[in-house]
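Asker: Sharing protein23.cif below, mmCIF, C-alpha atoms:
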```
data_work
loop_
_atom_site.group_PDB
_atom_site.id
_atom_site.type_symbol
_atom_site.label_atom_id
_atom_site.label_comp_id
_atom_site.auth_asym_id
_atom_site.auth_seq_id
_atom_site.Cartn_x
_atom_site.Cartn_y
_atom_site.Cartn_z
ATOM 1 C CA MET X 1 -9.093 -18.200 28.935
ATOM 2 C CA SER X 2 -10.728 -18.393 32.366
ATOM 3 C CA THR X 3 -12.328 -21.617 33.603
ATOM 4 C CA ALA X 4 -15.797 -20.039 33.295
ATOM 5 C CA GLN X 5 -15.108 -19.073 29.661
ATOM 6 C CA ARG X 6 -13.893 -22.586 28.914
ATOM 7 C CA ILE X 7 -17.042 -24.060 30.488
ATOM 8 C CA ASP X 8 -19.197 -21.698 28.383
ATOM 9 C CA ARG X 9 -17.422 -22.608 25.142
ATOM 10 C CA LEU X 10 -17.637 -26.310 25.824
ATOM 11 C CA TRP X 11 -21.361 -25.970 26.518
ATOM 12 C CA TRP X 12 -21.900 -24.259 23.150
ATOM 13 C CA ALA X 13 -19.724 -26.864 21.405
ATOM 14 C CA MET X 14 -21.710 -29.706 23.007
ATOM 15 C CA LEU X 15 -25.006 -28.145 21.929
ATOM 16 C CA ALA X 16 -23.627 -27.861 18.383
ATOM 17 C CA ALA X 17 -22.487 -31.510 18.540
ATOM 18 C CA THR X 18 -25.987 -32.539 19.651
ATOM 19 C CA ALA X 19 -27.506 -30.601 16.734
ATOM 20 C CA ALA X 20 -25.119 -32.359 14.329
ATOM 21 C CA SER X 21 -26.065 -35.789 15.739
ATOM 22 C CA TRP X 22 -29.743 -34.869 15.478
ATOM 23 C CA TRP X 23 -29.250 -33.847 11.833
ATOM 24 C CA ILE X 24 -27.501 -37.125 10.960
ATOM 25 C CA GLY X 25 -30.248 -39.108 12.700
ATOM 26 C CA GLU X 26 -32.991 -37.078 11.024
ATOM 27 C CA THR X 27 -31.568 -37.522 7.513
ATOM 28 C CA GLY X 28 -31.033 -41.261 8.059
ATOM 29 C CA LEU X 29 -27.498 -40.862 6.714
ATOM 30 C CA TRP X 30 -26.075 -43.331 9.224
ATOM 31 C CA THR X 31 -27.762 -46.293 7.545
ATOM 32 C CA GLY X 32 -25.636 -45.808 4.414
ATOM 33 C CA PRO X 33 -21.895 -45.192 4.543
ATOM 34 C CA LEU X 34 -19.813 -45.779 7.642
ATOM 35 C CA TRP X 35 -18.730 -42.185 8.329
ATOM 36 C CA PRO X 36 -22.027 -40.823 9.760
ATOM 37 C CA LEU X 37 -22.047 -43.641 12.353
ATOM 38 C CA LEU X 38 -18.462 -42.819 13.307
ATOM 39 C CA ILE X 39 -19.255 -39.095 13.449
ATOM 40 C CA VAL X 40 -22.278 -39.639 15.716
ATOM 41 C CA PHE X 41 -20.252 -41.669 18.203
ATOM 42 C CA GLY X 42 -17.230 -39.379 17.757
ATOM 43 C CA LEU X 43 -19.445 -36.472 18.818
ATOM 44 C CA SER X 44 -20.703 -38.540 21.732
ATOM 45 C CA LEU X 45 -17.094 -39.211 22.737
ATOM 46 C CA PHE X 46 -16.284 -35.485 22.497
ATOM 47 C CA LYS X 47 -19.235 -34.604 24.756
ATOM 48 C CA GLY X 48 -18.329 -37.347 27.208
ATOM 49 C CA LEU X 49 -14.708 -36.173 27.414
ATOM 50 C CA ALA X 50 -15.762 -32.541 27.917
ATOM 51 C CA ILE X 51 -18.120 -33.542 30.746
ATOM 52 C CA ALA X 52 -15.557 -35.852 32.366
ATOM 53 C CA LEU X 53 -12.401 -33.775 32.040
ATOM 54 C CA ASP X 54 -13.799 -30.253 32.451
ATOM 55 C CA PHE X 55 -17.194 -30.369 34.153
ATOM 56 C CA MET X 56 -16.276 -33.239 36.511
ATOM 57 C CA GLU X 57 -12.759 -31.753 36.716
ATOM 58 C CA LEU X 58 -11.047 -35.078 36.138
ATOM 59 C CA ARG X 59 -8.288 -33.303 34.202
ATOM 60 C CA GLY X 60 -6.875 -32.234 37.561
ATOM 61 C CA ALA X 61 -7.857 -35.407 39.458
ATOM 62 C CA PRO X 62 -5.703 -38.401 40.431
ATOM 63 C CA ALA X 63 -4.887 -40.366 37.270
ATOM 64 C CA VAL X 64 -6.731 -43.512 38.380
ATOM 65 C CA TRP X 65 -10.112 -41.729 38.291
ATOM 66 C CA ARG X 66 -9.404 -39.991 34.999
ATOM 67 C CA ARG X 67 -8.312 -43.276 33.415
ATOM 68 C CA PHE X 68 -11.360 -45.095 34.762
ATOM 69 C CA VAL X 69 -13.910 -42.617 33.359
ATOM 70 C CA VAL X 70 -12.125 -41.984 30.041
ATOM 71 C CA GLY X 71 -11.437 -45.727 29.685
ATOM 72 C CA TRP X 72 -15.116 -46.509 30.384
ATOM 73 C CA LEU X 73 -16.179 -44.003 27.754
ATOM 74 C CA LEU X 74 -13.783 -45.360 25.114
ATOM 75 C CA LEU X 75 -14.570 -49.001 25.847
ATOM 76 C CA VAL X 76 -18.363 -48.609 25.875
ATOM 77 C CA ILE X 77 -18.395 -46.548 22.670
ATOM 78 C CA LEU X 78 -15.996 -48.902 20.876
ATOM 79 C CA VAL X 79 -18.082 -51.968 21.807
ATOM 80 C CA ILE X 80 -21.330 -50.246 20.749
ATOM 81 C CA VAL X 81 -19.806 -49.220 17.384
ATOM 82 C CA ALA X 82 -18.395 -52.722 16.839
ATOM 83 C CA LEU X 83 -21.791 -54.315 17.558
ATOM 84 C CA HIS X 84 -23.525 -51.830 15.262
ATOM 85 C CA LEU X 85 -21.084 -52.714 12.503
ATOM 86 C CA GLY X 86 -21.722 -56.389 13.195
ATOM 87 C CA SER X 87 -25.455 -55.922 12.643
ATOM 88 C CA ARG X 88 -25.132 -54.054 9.303
ATOM 89 C CA MET V 1 -10.355 -21.557 41.131
ATOM 90 C CA THR V 2 -7.381 -19.229 40.833
ATOM 91 C CA ALA V 3 -5.829 -18.093 37.588
ATOM 92 C CA ASP V 4 -2.841 -20.360 38.240
ATOM 93 C CA THR V 5 -4.894 -23.500 38.607
ATOM 94 C CA THR V 6 -6.990 -22.455 35.611
ATOM 95 C CA THR V 7 -3.892 -22.397 33.443
ATOM 96 C CA ALA V 8 -2.621 -25.635 34.919
ATOM 97 C CA SER V 9 -5.982 -27.371 34.437
ATOM 98 C CA ALA V 10 -5.734 -26.839 30.689
ATOM 99 C CA ALA V 11 -2.590 -28.989 30.605
ATOM 100 C CA TRP V 12 -2.751 -32.680 29.697
ATOM 101 C CA PRO V 13 -1.801 -35.071 31.176
ATOM 102 C CA ALA V 14 -2.168 -33.919 34.762
ATOM 103 C CA SER V 15 -1.223 -37.141 36.534
ATOM 104 C CA THR V 16 2.193 -35.838 37.493
ATOM 105 C CA ARG V 17 0.813 -32.757 39.215
ATOM 106 C CA GLU V 18 1.253 -32.797 42.946
ATOM 107 C CA ASP V 19 -1.977 -30.886 43.535
ATOM 108 C CA ALA V 20 -4.157 -33.502 41.796
ATOM 109 C CA ARG V 21 -7.478 -33.690 43.608
ATOM 110 C CA LEU V 22 -10.841 -35.298 43.096
ATOM 111 C CA ALA V 23 -13.691 -32.762 43.030
ATOM 112 C CA GLY V 24 -16.230 -34.139 45.500
ATOM 113 C CA ASP V 25 -16.378 -36.885 48.094
ATOM 114 C CA LEU V 26 -14.639 -40.217 47.513
ATOM 115 C CA ALA V 27 -17.802 -42.109 48.592
ATOM 116 C CA MET V 28 -19.756 -40.354 45.836
ATOM 117 C CA TRP V 29 -17.064 -41.231 43.304
ATOM 118 C CA LEU V 30 -17.295 -44.888 44.318
ATOM 119 C CA ILE V 31 -21.058 -44.705 43.707
ATOM 120 C CA ILE V 32 -20.366 -43.006 40.352
ATOM 121 C CA GLY V 33 -17.965 -45.819 39.455
ATOM 122 C CA ILE V 34 -20.542 -48.512 40.259
ATOM 123 C CA GLU V 35 -23.287 -46.670 38.359
ATOM 124 C CA MET V 36 -21.068 -46.268 35.305
ATOM 125 C CA LEU V 37 -20.175 -49.958 35.284
ATOM 126 C CA THR V 38 -23.863 -50.898 35.604
ATOM 127 C CA PHE V 39 -24.987 -48.568 32.812
ATOM 128 C CA GLY V 40 -22.030 -49.566 30.639
ATOM 129 C CA LEU V 41 -23.103 -53.187 30.899
ATOM 130 C CA MET V 42 -26.705 -52.231 30.063
ATOM 131 C CA PHE V 43 -25.584 -50.258 26.984
ATOM 132 C CA ILE V 44 -23.575 -53.226 25.732
ATOM 133 C CA VAL V 45 -26.388 -55.720 26.418
ATOM 134 C CA PHE V 46 -28.780 -53.371 24.551
ATOM 135 C CA SER V 47 -26.411 -53.392 21.548
ATOM 136 C CA PHE V 48 -26.120 -57.202 21.673
ATOM 137 C CA ALA V 49 -29.903 -57.556 21.784
ATOM 138 C CA ARG V 50 -30.208 -55.124 18.870
ATOM 139 C CA MET V 51 -27.740 -57.202 16.855
ATOM 140 C CA ARG V 52 -29.795 -60.371 17.556
ATOM 141 C CA GLU V 53 -33.181 -58.820 16.754
ATOM 142 C CA PRO V 54 -32.517 -55.938 14.329
ATOM 143 C CA ALA V 55 -36.076 -55.834 12.934
ATOM 144 C CA VAL V 56 -37.671 -55.591 16.401
ATOM 145 C CA PHE V 57 -35.292 -52.816 17.459
ATOM 146 C CA HIS V 58 -35.646 -50.967 14.167
ATOM 147 C CA ALA V 59 -39.448 -50.984 14.453
ATOM 148 C CA GLY V 60 -39.346 -49.810 18.064
ATOM 149 C CA GLN V 61 -36.700 -47.135 17.572
ATOM 150 C CA ALA V 62 -38.514 -45.800 14.486
ATOM 151 C CA THR V 63 -41.415 -44.752 16.728
ATOM 152 C CA LEU V 64 -39.150 -42.654 18.987
ATOM 153 C CA ASP V 65 -39.134 -38.882 18.591
ATOM 154 C CA LEU V 66 -35.594 -37.769 17.773
ATOM 155 C CA HIS V 67 -36.540 -34.102 18.351
ATOM 156 C CA LEU V 68 -37.564 -34.979 21.900
ATOM 157 C CA GLY V 69 -34.350 -36.957 22.460
ATOM 158 C CA ALA V 70 -32.193 -34.081 21.166
ATOM 159 C CA THR V 71 -34.120 -31.537 23.258
ATOM 160 C CA ASN V 72 -33.623 -33.670 26.345
ATOM 161 C CA THR V 73 -29.905 -33.905 25.559
ATOM 162 C CA ALA V 74 -29.715 -30.095 25.333
ATOM 163 C CA LEU V 75 -31.587 -29.780 28.655
ATOM 164 C CA LEU V 76 -29.164 -32.108 30.461
ATOM 165 C CA LEU V 77 -26.088 -30.463 28.917
ATOM 166 C CA THR V 78 -27.396 -27.040 29.925
ATOM 167 C CA GLY V 79 -28.066 -28.347 33.423
ATOM 168 C CA SER V 80 -24.462 -29.563 33.561
ATOM 169 C CA TRP V 81 -23.237 -26.185 32.346
ATOM 170 C CA CYS V 82 -25.191 -24.495 35.180
ATOM 171 C CA ALA V 83 -23.775 -26.972 37.721
ATOM 172 C CA ALA V 84 -20.195 -26.368 36.539
ATOM 173 C CA ARG V 85 -20.704 -22.577 36.661
ATOM 174 C CA ALA V 86 -22.247 -22.941 40.132
ATOM 175 C CA VAL V 87 -19.074 -24.523 41.503
ATOM 176 C CA GLN V 88 -16.968 -21.749 39.926
ATOM 177 C CA ALA V 89 -19.227 -19.060 41.425
ATOM 178 C CA LEU V 90 -19.107 -20.662 44.884
ATOM 179 C CA ARG V 91 -15.329 -20.989 44.754
ATOM 180 C CA GLY V 92 -15.187 -17.333 43.743
ATOM 181 C CA GLY V 93 -16.942 -16.464 47.017
ATOM 182 C CA SER V 94 -20.441 -15.765 45.707
ATOM 183 C CA GLU V 95 -22.861 -18.045 47.563
ATOM 184 C CA ARG V 96 -25.996 -16.411 46.175
ATOM 185 C CA ARG V 97 -24.830 -16.492 42.579
ATOM 186 C CA GLY V 98 -23.689 -20.089 43.057
ATOM 187 C CA ALA V 99 -27.092 -20.982 44.507
ATOM 188 C CA ARG V 100 -28.837 -19.394 41.485
ATOM 189 C CA TRP V 101 -26.745 -21.509 39.126
ATOM 190 C CA LEU V 102 -27.624 -24.602 41.185
ATOM 191 C CA TRP V 103 -31.355 -23.778 41.025
ATOM 192 C CA GLY V 104 -30.897 -23.367 37.279
ATOM 193 C CA ALA V 105 -29.323 -26.820 37.005
ATOM 194 C CA ALA V 106 -32.187 -28.320 39.038
ATOM 195 C CA GLY V 107 -34.681 -26.477 36.808
ATOM 196 C CA PHE V 108 -33.237 -27.965 33.631
ATOM 197 C CA GLY V 109 -33.356 -31.362 35.331
ATOM 198 C CA VAL V 110 -37.049 -30.867 36.104
ATOM 199 C CA ALA V 111 -37.675 -29.869 32.469
ATOM 200 C CA PHE V 112 -35.984 -33.110 31.366
ATOM 201 C CA LEU V 113 -38.163 -35.131 33.758
ATOM 202 C CA LEU V 114 -41.343 -33.452 32.475
ATOM 203 C CA LEU V 115 -40.461 -34.042 28.813
ATOM 204 C CA LYS V 116 -39.483 -37.639 29.487
ATOM 205 C CA SER V 117 -42.727 -38.195 31.400
ATOM 206 C CA LEU V 118 -44.687 -36.868 28.414
ATOM 207 C CA GLU V 119 -42.770 -39.273 26.187
ATOM 208 C CA TYR V 120 -43.559 -42.214 28.498
ATOM 209 C CA ARG V 121 -47.231 -41.224 28.579
ATOM 210 C CA ALA V 122 -47.394 -41.002 24.777
ATOM 211 C CA LYS V 123 -45.740 -44.402 24.364
ATOM 212 C CA ALA V 124 -47.974 -46.021 26.985
ATOM 213 C CA SER V 125 -51.042 -44.516 25.285
ATOM 214 C CA ALA V 126 -49.867 -45.953 21.972
ATOM 215 C CA GLY V 127 -49.813 -49.392 23.600
ATOM 216 C CA TYR V 128 -46.074 -49.818 24.082
ATOM 217 C CA ASP V 129 -45.207 -51.257 27.476
ATOM 218 C CA LEU V 130 -42.485 -53.349 29.131
ATOM 219 C CA ASP V 131 -43.904 -56.579 27.688
ATOM 220 C CA THR V 132 -44.443 -55.416 24.093
ATOM 221 C CA ASP V 133 -41.127 -56.825 22.819
ATOM 222 C CA THR V 134 -37.404 -56.923 23.587
ATOM 223 C CA PHE V 135 -36.835 -53.351 22.423
ATOM 224 C CA TRP V 136 -39.515 -51.874 24.668
ATOM 225 C CA THR V 137 -38.302 -53.902 27.652
ATOM 226 C CA PHE V 138 -34.820 -52.432 27.166
ATOM 227 C CA TYR V 139 -36.178 -48.961 26.394
ATOM 228 C CA TYR V 140 -38.161 -48.755 29.633
ATOM 229 C CA LEU V 141 -35.458 -50.359 31.787
ATOM 230 C CA LEU V 142 -32.594 -48.290 30.384
ATOM 231 C CA THR V 143 -34.306 -44.907 30.208
ATOM 232 C CA GLY V 144 -36.373 -45.586 33.347
ATOM 233 C CA PHE V 145 -33.249 -46.372 35.382
ATOM 234 C CA HIS V 146 -31.675 -43.185 34.018
ATOM 235 C CA PHE V 147 -34.864 -41.221 34.823
ATOM 236 C CA MET V 148 -34.603 -42.295 38.475
ATOM 237 C CA HIS V 149 -31.019 -41.039 38.579
ATOM 238 C CA VAL V 150 -32.034 -37.657 37.119
ATOM 239 C CA LEU V 151 -34.778 -37.423 39.751
ATOM 240 C CA ALA V 152 -32.295 -38.180 42.549
ATOM 241 C CA ALA V 153 -29.813 -35.654 41.116
ATOM 242 C CA VAL V 154 -32.494 -32.936 40.896
ATOM 243 C CA LEU V 155 -33.451 -33.466 44.550
ATOM 244 C CA LEU V 156 -29.788 -33.311 45.576
ATOM 245 C CA LEU V 157 -29.204 -30.160 43.490
ATOM 246 C CA ALA V 158 -32.253 -28.455 44.996
ATOM 247 C CA GLY V 159 -31.020 -29.437 48.455
ATOM 248 C CA ILE V 160 -27.582 -27.897 48.036
ATOM 249 C CA ALA V 161 -29.017 -24.850 46.219
ATOM 250 C CA TRP V 162 -31.121 -24.190 49.300
ATOM 251 C CA LEU V 163 -28.319 -24.937 51.741
ATOM 252 C CA ALA V 164 -25.394 -23.218 49.979
ATOM 253 C CA PRO V 165 -26.108 -19.642 51.157
ATOM 254 C CA ARG V 166 -27.222 -20.891 54.594
ATOM 255 C CA ARG V 167 -24.144 -23.025 55.237
ATOM 256 C CA GLY V 168 -21.627 -20.621 53.748
ATOM 257 C CA TRP V 169 -20.458 -23.026 51.071
ATOM 258 C CA GLN V 170 -18.021 -20.820 49.214
ATOM 259 C CA GLY V 171 -14.323 -20.193 48.744
ATOM 260 C CA ARG V 172 -12.491 -23.364 49.764
ATOM 261 C CA ASN V 173 -15.579 -24.778 51.498
ATOM 262 C CA THR V 174 -17.279 -26.279 48.427
ATOM 263 C CA HIS V 175 -16.944 -29.994 49.135
ATOM 264 C CA ALA V 176 -20.720 -30.662 49.321
ATOM 265 C CA PRO V 177 -21.624 -28.793 46.092
ATOM 266 C CA GLU V 178 -18.734 -30.502 44.276
ATOM 267 C CA THR V 179 -19.981 -33.904 45.474
ATOM 268 C CA VAL V 180 -23.545 -33.340 44.253
ATOM 269 C CA THR V 181 -22.553 -31.743 40.935
ATOM 270 C CA ALA V 182 -20.226 -34.709 40.222
ATOM 271 C CA PHE V 183 -23.285 -36.993 40.480
ATOM 272 C CA TRP V 184 -25.271 -34.674 38.195
ATOM 273 C CA HIS V 185 -22.481 -34.655 35.592
ATOM 274 C CA MET V 186 -22.422 -38.472 35.681
ATOM 275 C CA VAL V 187 -26.151 -38.532 34.862
ATOM 276 C CA ASP V 188 -25.386 -36.241 31.901
ATOM 277 C CA LEU V 189 -22.400 -38.373 30.853
ATOM 278 C CA LEU V 190 -24.579 -41.503 30.753
ATOM 279 C CA TRP V 191 -27.174 -39.719 28.610
ATOM 280 C CA VAL V 192 -24.638 -38.609 25.966
ATOM 281 C CA VAL V 193 -24.006 -42.317 25.289
ATOM 282 C CA LEU V 194 -27.671 -43.305 25.606
ATOM 283 C CA PHE V 195 -28.880 -40.595 23.183
ATOM 284 C CA PRO V 196 -27.106 -41.849 20.020
ATOM 285 C CA LEU V 197 -27.595 -45.478 21.006
ATOM 286 C CA VAL V 198 -31.377 -45.280 21.478
ATOM 287 C CA TYR V 199 -32.561 -42.171 19.596
ATOM 288 C CA VAL V 200 -30.146 -41.365 16.755
ATOM 289 C CA LEU V 201 -29.219 -44.737 15.230
ATOM 290 C CA ARG V 202 -32.751 -45.827 14.438
#
```
In structure tokens, write the structure found in this file.

Answerer:
Amino acid sequence: MSTAQRIDRLWWAMLAATAASWWIGETGLWTGPLWPLLIVFGLSLFKGLAIALDFMELRGAPAVWRRFVVGWLLLVILVIVALHLGSR
Amino acid sequence: MTADTTTASAAWPASTREDARLAGDLAMWLIIGIEMLTFGLMFIVFSFARMREPAVFHAGQATLDLHLGATNTALLLTGSWCAARAVQALRGGSERRGARWLWGAAGFGVAFLLLKSLEYRAKASAGYDLDTDTFWTFYYLLTGFHFMHVLAAVLLLAGIAWLAPRRGWQGRNTHAPETVTAFWHMVDLLWVVLFPLVYVLR
């Protein structure tokens, strides 16, 4: 797969992930069981990783930058999810 | 990017590769790092405030239009897609095609700014402002700060779209477009966290 094809596929996948998040938000599913909340932020993590590793090309960057951005993404999402769980 | 580097870029981890390189200028990446830390702190403070005043945040978030938030997400993601394809086109030696992709990215950024402006106008007309309550203070600060970054990114994208064919930014000479598109992608990255936090989990 060429880089352009990979970029195209990731774009489609991120649009699909956004549609899935929209659907969960629209149905109000996330207020009930835990899994919709985890799916919404899991999809956010997927989009963030695709942007960071492929669009920003951090996959081929010095490790310190890749670790910083991926670490930021993981940390921020984990703290947000933990605080959401704390307020349920 | 050549076929060899394309294959290599699919490998993970890449930290042991000798050809590891940062796409864009180091100064821009330092700015990106500072911006990410600032926004990260704001996201966490927003979540803390929401935990302390769940009723206020629930009432505020319930008035937000999820369709608008999702559409804006799609606009930013599509802008990022254009920016990523622009860099590929420029590296492949096509300045004009690269410039068209860059104009496309800027165009999707403008569409985001217009939609967000309409949203701000609707909320202001409905009587929601910075002083309404804690939620609206955070809403305007968080999304307003992000809005300013999108505006800056759009201006930068338009600048390099105009300059790319005039300066011969193609082949191995793509440092400036890489620098600007890295900033654009950061703006998109911040929004993919902001979208579920503010619009989805209402």

Asker: Ranking X:Gly32, X:Ile39, X:Arg59, X:Leu74 by minimum distance to chain V and counting only C-alpha atoms, which one comes first?

Answerer: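 Under the stated criterion, the closest residue is X:Arg59.
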
Asker: Quick one, how far is CA of Leu163 in chain V from CA of Val87 in chain V?

Answerer: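 Rounded to one decimal, the two atoms are 13.8 Å apart.
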
Asker: With only C-alpha atoms as the basis for distance, which of X:Leu45, X:Leu75, X:Pro36, X:Ala63 is at the shortest distance from chain V?

Answerer: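 Distance minimum relative to chain V lands on X:Ala63.
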
Asker: Selected by the PyMOL selection byres ((chain V and resi 60) around 12) in the shown coordinates: which residues, as a PyMOL selection string?

Answerer: chain V and resi 50+53-59+61-65+123+126-129+132-140+198-199+201-202

Asker: Hey, can you check how far CA of Ala111 in chain V sits from CA of Val69 in chain X?

Answerer: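 These atoms are spaced 27.0 Å apart.
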
Asker: Step by step, gather every atom of range 75-89 of chain V that the file lists, find the box along x, y and z that holds them, add 8 Å on each side, and finally give centre and edge lengths in Å to one decimal, as lines of an AutoDock Vina configuration file.

Answerer:
```
center_x = -24.3
center_y = -25.6
center_z = 35.1
size_x = 30.6
size_y = 29.0
size_z = 28.8
```

Asker: Give me the residues of chain X that have any atom at most 9 Å from an atom of chain V; for each, the nearest atom pair and the distance in Å, rounded to one decimal. Use all atoms listed in the file, sort by chain and number, and format it as a tab-separated table.

Answerer:
```
residue	atom	partner	partner_atom	distance
X:Met1	CA	V:Thr7	CA	8.1
X:Ser2	CA	V:Thr6	CA	6.4
X:Thr3	CA	V:Thr6	CA	5.8
X:Ala4	CA	V:Arg85	CA	6.5
X:Ile7	CA	V:Trp81	CA	6.8
X:Asp8	CA	V:Trp81	CA	7.2
X:Leu10	CA	V:Trp81	CA	8.6
X:Trp11	CA	V:Trp81	CA	6.1
X:Met14	CA	V:Leu77	CA	7.4
X:Leu15	CA	V:Ala74	CA	6.1
X:Thr18	CA	V:Ala70	CA	6.6
X:Ala19	CA	V:Ala70	CA	7.3
X:Ser21	CA	V:Val200	CA	7.0
X:Trp22	CA	V:Ala70	CA	6.2
X:Ile24	CA	V:Val200	CA	7.7
X:Gly25	CA	V:Val200	CA	4.6
X:Glu26	CA	V:Leu66	CA	7.3
X:Gly28	CA	V:Arg202	CA	8.0
X:Trp30	CA	V:Leu201	CA	6.9
X:Thr31	CA	V:Leu201	CA	8.0
X:Leu37	CA	V:Leu201	CA	7.8
X:Val40	CA	V:Pro196	CA	6.8
X:Phe41	CA	V:Pro196	CA	7.1
X:Ser44	CA	V:Val192	CA	5.8
X:Leu45	CA	V:Val193	CA	8.0
X:Lys47	CA	V:Val192	CA	6.8
X:Gly48	CA	V:Leu189	CA	5.6
X:Leu49	CA	V:Leu189	CA	8.7
X:Ile51	CA	V:Leu189	CA	6.5
X:Ala52	CA	V:Leu189	CA	7.4
X:Asp54	CA	V:Ala84	CA	8.5
X:Phe55	CA	V:Ala84	CA	5.5
X:Met56	CA	V:Ala182	CA	5.6
X:Glu57	CA	V:Ala23	CA	6.5
X:Leu58	CA	V:Leu22	CA	7.0
X:Arg59	CA	V:Ala14	CA	6.2
X:Gly60	CA	V:Ala20	CA	5.2
X:Ala61	CA	V:Arg21	CA	4.5
X:Pro62	CA	V:Ala20	CA	5.3
X:Ala63	CA	V:Ser15	CA	4.9
X:Val64	CA	V:Ser15	CA	8.6
X:Trp65	CA	V:Leu22	CA	8.1
X:Arg66	CA	V:Ser15	CA	8.8
X:Phe68	CA	V:Gly33	CA	8.1
X:Val69	CA	V:Gly33	CA	8.0
X:Trp72	CA	V:Gly40	CA	7.6
X:Leu73	CA	V:Val193	CA	8.4
X:Leu75	CA	V:Gly40	CA	8.9
X:Val76	CA	V:Gly40	CA	6.1
X:Ile77	CA	V:Val193	CA	7.5
X:Val79	CA	V:Ile44	CA	6.9
X:Ile80	CA	V:Ser47	CA	6.0
X:Val81	CA	V:Ser47	CA	8.9
X:Leu83	CA	V:Ser47	CA	6.2
X:His84	CA	V:Met51	CA	7.0
X:Gly86	CA	V:Met51	CA	7.1
X:Ser87	CA	V:Met51	CA	5.0
X:Arg88	CA	V:Met51	CA	8.6
```

Asker: Could you jot down the CA of Phe108 in chain V to CA of Leu76 in chain V separation for me, Å, one decimal place?

Answerer: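 Straight-line distance from CA of Phe108 in chain V to CA of Leu76 in chain V works out to 6.6 Å.
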
Asker: List the residues matched by the PyMOL selection byres ((chain V and resi 116) around 10) in the displayed structure as an mmCIF file with C-alpha atoms, in the coordinates of the input, ordered by chain and then by residue number.

Answerer:
```cif
data_model
loop_
_atom_site.group_PDB
_atom_site.id
_atom_site.type_symbol
_atom_site.label_atom_id
_atom_site.label_comp_id
_atom_site.auth_asym_id
_atom_site.auth_seq_id
_atom_site.Cartn_x
_atom_site.Cartn_y
_atom_site.Cartn_z
ATOM 1 C CA LEU V 68 -37.564 -34.979 21.900
ATOM 2 C CA GLY V 69 -34.350 -36.957 22.460
ATOM 3 C CA ASN V 72 -33.623 -33.670 26.345
ATOM 4 C CA VAL V 110 -37.049 -30.867 36.104
ATOM 5 C CA ALA V 111 -37.675 -29.869 32.469
ATOM 6 C CA PHE V 112 -35.984 -33.110 31.366
ATOM 7 C CA LEU V 113 -38.163 -35.131 33.758
ATOM 8 C CA LEU V 114 -41.343 -33.452 32.475
ATOM 9 C CA LEU V 115 -40.461 -34.042 28.813
ATOM 10 C CA SER V 117 -42.727 -38.195 31.400
ATOM 11 C CA LEU V 118 -44.687 -36.868 28.414
ATOM 12 C CA GLU V 119 -42.770 -39.273 26.187
ATOM 13 C CA TYR V 120 -43.559 -42.214 28.498
ATOM 14 C CA ARG V 121 -47.231 -41.224 28.579
ATOM 15 C CA ALA V 122 -47.394 -41.002 24.777
ATOM 16 C CA THR V 143 -34.306 -44.907 30.208
ATOM 17 C CA GLY V 144 -36.373 -45.586 33.347
ATOM 18 C CA PHE V 147 -34.864 -41.221 34.823
#
```
